[in-house]
Amino acid sequence: MIGGPSHAGKTVLAQRLLELYGCPYLSLDWLKMGLIRSGYTDLTPEDDEELRELLWPIVREMIKTAVENCQDLVVEGVYLPFDWEKDFAPDYRKNIRFFCLVMTEHYIEHHFDEIKKYANAAEKRLDDSYCTKELVLADNRRALELCRKNGCEYILTDGKYEVEKEIKRRLSGWMRGGQAGASAPAVRP
């Protein structure tokens with residue numbers, strides 16, 4: 001799972017993991033918009049907390065199904081709860097990794113124009129006018145605080161943006177044994 005605030009690079013990283021490992025990914029924005037556009041919910045894209053409550057039970061069970069079937073799956077989005085571990089038994093947790101992408105205040109202050117420039121690198125945002133430096137700073141502070149509070153593994157960008165390099169290092173030998181087609185460890189929940 002790849003969590004973190006908006007504009008941190010979650011979808012781009014998920015796409016790169018697909019390209020590198022052949023591992024499918026689910027963007028929670030797709031699920032959110034599918035539910036909204038189909039009329040299954042009256043929520044709007046701005047209803048973050050309510051969307052987290054709606055999406056997480058569905059996504060949680062999808063993740064359990066992937067683990068039970070020994071299948072790799074990357075799930076990315078702002079709607080992943082930082083206290084996700086409480087919803088999985090130990091046999092599941094040992095087969096799940098959660099990374100939160102976080103940018104430091106220093107990085108945001110010095111690279112905000114780049115952050116905005118790459119906002120459409122993996123998806124086309126219809127309206128990105130809400131994204132201000134102040135909002136990005138606040139969202140990243142909150143994400144780092146929640147990571148620390150819940151013991152989440154996070155990738156902190158302070159200098160050069162090297163999230164892909166760091167995630168590859170941390171996943172080395174973990175996903176499918178590091179090579180496409182290798183089997184994942186069996187889970188007996």
# chains A, B, ... in the order shown; residues from 1 in each chain; ligands from 1
$ select_by_dssp --residues "range 63-169 of chain A" --states "strand (DSSP E or B)" --output "list in words"
Val74, Val75, Glu76, Phe99, Cys100, Leu101, Val102, Met103, Glu153, Tyr154, Ile155, Leu156 and Thr157 of chain A
$ write_last_selection --atoms "N, CA and C atoms" --output "mmCIF file, in the first residue's frame"
data_model
loop_
_atom_site.group_PDB
_atom_site.id
_atom_site.type_symbol
_atom_site.label_atom_id
_atom_site.label_comp_id
_atom_site.auth_asym_id
_atom_site.auth_seq_id
_atom_site.Cartn_x
_atom_site.Cartn_y
_atom_site.Cartn_z
ATOM 1 N N VAL A 74 -0.687 -3.536 -5.574
ATOM 2 C CA VAL A 74 -0.363 -2.241 -4.988
ATOM 3 C C VAL A 74 -1.653 -1.435 -4.941
ATOM 4 N N VAL A 75 -1.965 -0.911 -3.775
ATOM 5 C CA VAL A 75 -3.128 -0.043 -3.594
ATOM 6 C C VAL A 75 -2.581 1.304 -3.165
ATOM 7 N N GLU A 76 -2.992 2.357 -3.874
ATOM 8 C CA GLU A 76 -2.469 3.684 -3.527
ATOM 9 C C GLU A 76 -3.593 4.681 -3.388
ATOM 10 N N PHE A 99 3.724 1.951 2.771
ATOM 11 C CA PHE A 99 4.676 3.051 2.704
ATOM 12 C C PHE A 99 3.892 4.343 2.582
ATOM 13 N N CYS A 100 4.295 5.327 3.333
ATOM 14 C CA CYS A 100 3.688 6.647 3.228
ATOM 15 C C CYS A 100 4.727 7.581 2.618
ATOM 16 N N LEU A 101 4.338 8.269 1.566
ATOM 17 C CA LEU A 101 5.226 9.241 0.936
ATOM 18 C C LEU A 101 4.991 10.595 1.579
ATOM 19 N N VAL A 102 6.058 11.190 2.080
ATOM 20 C CA VAL A 102 5.961 12.465 2.782
ATOM 21 C C VAL A 102 7.098 13.372 2.315
ATOM 22 N N MET A 103 6.780 14.643 2.153
ATOM 23 C CA MET A 103 7.787 15.640 1.789
ATOM 24 C C MET A 103 8.000 16.582 2.964
ATOM 25 N N GLU A 153 5.717 2.929 8.181
ATOM 26 C CA GLU A 153 6.952 3.120 7.433
ATOM 27 C C GLU A 153 6.716 4.269 6.448
ATOM 28 N N TYR A 154 7.641 5.213 6.412
ATOM 29 C CA TYR A 154 7.465 6.334 5.498
ATOM 30 C C TYR A 154 8.762 6.623 4.754
ATOM 31 N N ILE A 155 8.588 7.243 3.598
ATOM 32 C CA ILE A 155 9.711 7.684 2.781
ATOM 33 C C ILE A 155 9.653 9.208 2.799
ATOM 34 N N LEU A 156 10.644 9.809 3.399
ATOM 35 C CA LEU A 156 10.674 11.246 3.600
ATOM 36 C C LEU A 156 11.567 11.889 2.547
ATOM 37 N N THR A 157 10.985 12.742 1.736
ATOM 38 C CA THR A 157 11.743 13.456 0.711
ATOM 39 C C THR A 157 12.137 14.820 1.251
#
$ select_by_dssp --residues "range 2-175 of chain A" --states "helix (DSSP H, G or I)" --output "count of residues only"
96
$ closest_residue --among "A:Gly34, A:Glu85, A:Leu13, A:Thr41" --to "Glu166 in chain A" --atoms "only C-alpha atoms"
A:Leu13
$ residues_around --residues "Asp158 in chain A" --least-positions-apart "4" --cutoff "8 Å" --atoms "only C-alpha atoms" --output "PyMOL selection string"
chain A and resi 103-107
$ closest_residue --among "A:Leu17, A:Val67, A:Met33, A:Val59" --to "Trp84 in chain A" --atoms "only C-alpha atoms"
A:Val59
$ residues_around --residues "Phe98 in chain A" --least-positions-apart "6" --cutoff "12 Å" --atoms "only C-alpha atoms" --output "PyMOL selection string"
chain A and resi 1-4+10+63+73-77+80-85+147+150-155+167+170-171
$ write_last_selection --atoms "N, CA, C and O atoms" --output "short mmCIF file (atom, residue, chain, number, x, y, z; two decimals), in the first residue's frame"
data_model
loop_
_atom_site.label_atom_id
_atom_site.label_comp_id
_atom_site.auth_asym_id
_atom_site.auth_seq_id
_atom_site.Cartn_x
_atom_site.Cartn_y
_atom_site.Cartn_z
N MET A 1 0.85 -1.17 0.00
CA MET A 1 0.00 0.00 0.00
C MET A 1 0.90 1.24 0.00
O MET A 1 1.93 1.24 0.66
N ILE A 2 0.46 2.24 -0.74
CA ILE A 2 1.18 3.50 -0.80
C ILE A 2 0.21 4.60 -0.38
O ILE A 2 -0.75 4.88 -1.07
N GLY A 3 0.47 5.18 0.78
CA GLY A 3 -0.36 6.25 1.28
C GLY A 3 0.38 7.57 1.28
O GLY A 3 1.54 7.64 0.88
N GLY A 4 -0.29 8.57 1.76
CA GLY A 4 0.33 9.88 1.86
C GLY A 4 -0.58 10.96 1.33
O GLY A 4 -1.64 10.68 0.77
N LYS A 10 2.19 9.24 -5.24
CA LYS A 10 1.69 7.88 -5.01
C LYS A 10 1.32 7.16 -6.31
O LYS A 10 1.72 6.03 -6.53
N ILE A 63 -7.68 -6.39 -0.37
CA ILE A 63 -6.30 -6.71 0.02
C ILE A 63 -6.23 -8.08 0.65
O ILE A 63 -5.34 -8.88 0.33
N LEU A 73 -0.41 -6.95 -5.16
CA LEU A 73 -1.31 -5.87 -5.51
C LEU A 73 -0.82 -4.61 -4.82
O LEU A 73 -0.55 -4.63 -3.62
N VAL A 74 -0.69 -3.54 -5.57
CA VAL A 74 -0.36 -2.24 -4.99
C VAL A 74 -1.65 -1.44 -4.94
O VAL A 74 -2.36 -1.33 -5.94
N VAL A 75 -1.97 -0.91 -3.78
CA VAL A 75 -3.13 -0.04 -3.59
C VAL A 75 -2.58 1.30 -3.17
O VAL A 75 -1.78 1.38 -2.23
N GLU A 76 -2.99 2.36 -3.87
CA GLU A 76 -2.47 3.68 -3.53
C GLU A 76 -3.59 4.68 -3.39
O GLU A 76 -4.60 4.60 -4.08
N GLY A 77 -3.39 5.61 -2.45
CA GLY A 77 -4.37 6.67 -2.31
C GLY A 77 -4.30 7.38 -0.97
O GLY A 77 -3.74 6.87 -0.01
N LEU A 80 -6.15 5.66 2.45
CA LEU A 80 -5.66 4.54 3.25
C LEU A 80 -5.46 5.03 4.68
O LEU A 80 -4.80 6.04 4.90
N PRO A 81 -6.01 4.33 5.66
CA PRO A 81 -5.87 4.78 7.05
C PRO A 81 -4.48 4.48 7.60
O PRO A 81 -3.88 3.45 7.27
N PHE A 82 -3.95 5.36 8.41
CA PHE A 82 -2.63 5.17 8.99
C PHE A 82 -2.63 4.06 10.04
O PHE A 82 -1.60 3.49 10.33
N ASP A 83 -3.80 3.75 10.59
CA ASP A 83 -3.91 2.67 11.58
C ASP A 83 -4.41 1.37 10.93
O ASP A 83 -5.09 0.57 11.56
N TRP A 84 -4.04 1.15 9.69
CA TRP A 84 -4.51 0.01 8.90
C TRP A 84 -4.22 -1.34 9.55
O TRP A 84 -4.99 -2.29 9.37
N GLU A 85 -3.14 -1.46 10.31
CA GLU A 85 -2.74 -2.75 10.86
C GLU A 85 -3.79 -3.37 11.76
O GLU A 85 -3.91 -4.59 11.84
N CYS A 147 2.06 9.08 10.66
CA CYS A 147 3.00 7.97 10.46
C CYS A 147 3.72 7.66 11.77
O CYS A 147 3.81 6.50 12.18
N ASN A 150 1.37 6.14 14.44
CA ASN A 150 0.92 4.77 14.16
C ASN A 150 2.04 3.81 13.80
O ASN A 150 1.77 2.65 13.48
N GLY A 151 3.27 4.27 13.83
CA GLY A 151 4.41 3.40 13.52
C GLY A 151 4.47 2.98 12.05
O GLY A 151 4.97 1.89 11.74
N CYS A 152 3.99 3.82 11.16
CA CYS A 152 4.00 3.51 9.73
C CYS A 152 5.37 3.76 9.14
O CYS A 152 6.08 4.69 9.52
N GLU A 153 5.72 2.93 8.18
CA GLU A 153 6.95 3.12 7.43
C GLU A 153 6.72 4.27 6.45
O GLU A 153 5.71 4.29 5.75
N TYR A 154 7.64 5.21 6.41
CA TYR A 154 7.46 6.33 5.50
C TYR A 154 8.76 6.62 4.75
O TYR A 154 9.85 6.28 5.20
N ILE A 155 8.59 7.24 3.60
CA ILE A 155 9.71 7.68 2.78
C ILE A 155 9.65 9.21 2.80
O ILE A 155 8.70 9.80 2.28
N ILE A 167 12.10 3.04 -2.78
CA ILE A 167 11.11 1.96 -2.70
C ILE A 167 11.70 0.67 -3.26
O ILE A 167 11.46 -0.42 -2.74
N ARG A 170 13.84 -0.81 -0.57
CA ARG A 170 13.07 -1.39 0.52
C ARG A 170 12.30 -2.64 0.12
O ARG A 170 12.02 -3.49 0.94
N LEU A 171 11.95 -2.74 -1.15
CA LEU A 171 11.21 -3.92 -1.63
C LEU A 171 12.11 -5.02 -2.17
O LEU A 171 11.63 -6.08 -2.53
#
$ closest_residue --among "A:Leu26, A:Glu49, A:Lys133, A:Asp91" --to "Val12 in chain A" --atoms "only C-alpha atoms"
A:Leu26
$ closest_residue --among "A:His111, A:Asp87, A:Asp72, A:Arg169" --to "Leu18 in chain A" --atoms "only C-alpha atoms"
A:Asp72
$ residues_around --residues "Ile36 in chain A" --least-positions-apart "3" --cutoff "12 Å" --atoms "only C-alpha atoms" --output "list in words"
Asp29, Trp30, Leu31, Lys32, Met33, Gly39, Tyr40, Thr41, Asp42, Leu43, Thr44, Pro45, Glu46, Asp47, Leu51, Leu54 and Leu55 of chain A
$ atom_distance --atom1 "CA of Val78 in chain A" --atom2 "CA of Arg97 in chain A"
15.7 Å
$ atom_distance --atom1 "CA of Thr65 in chain A" --atom2 "CA of Leu28 in chain A"
16.7 Å
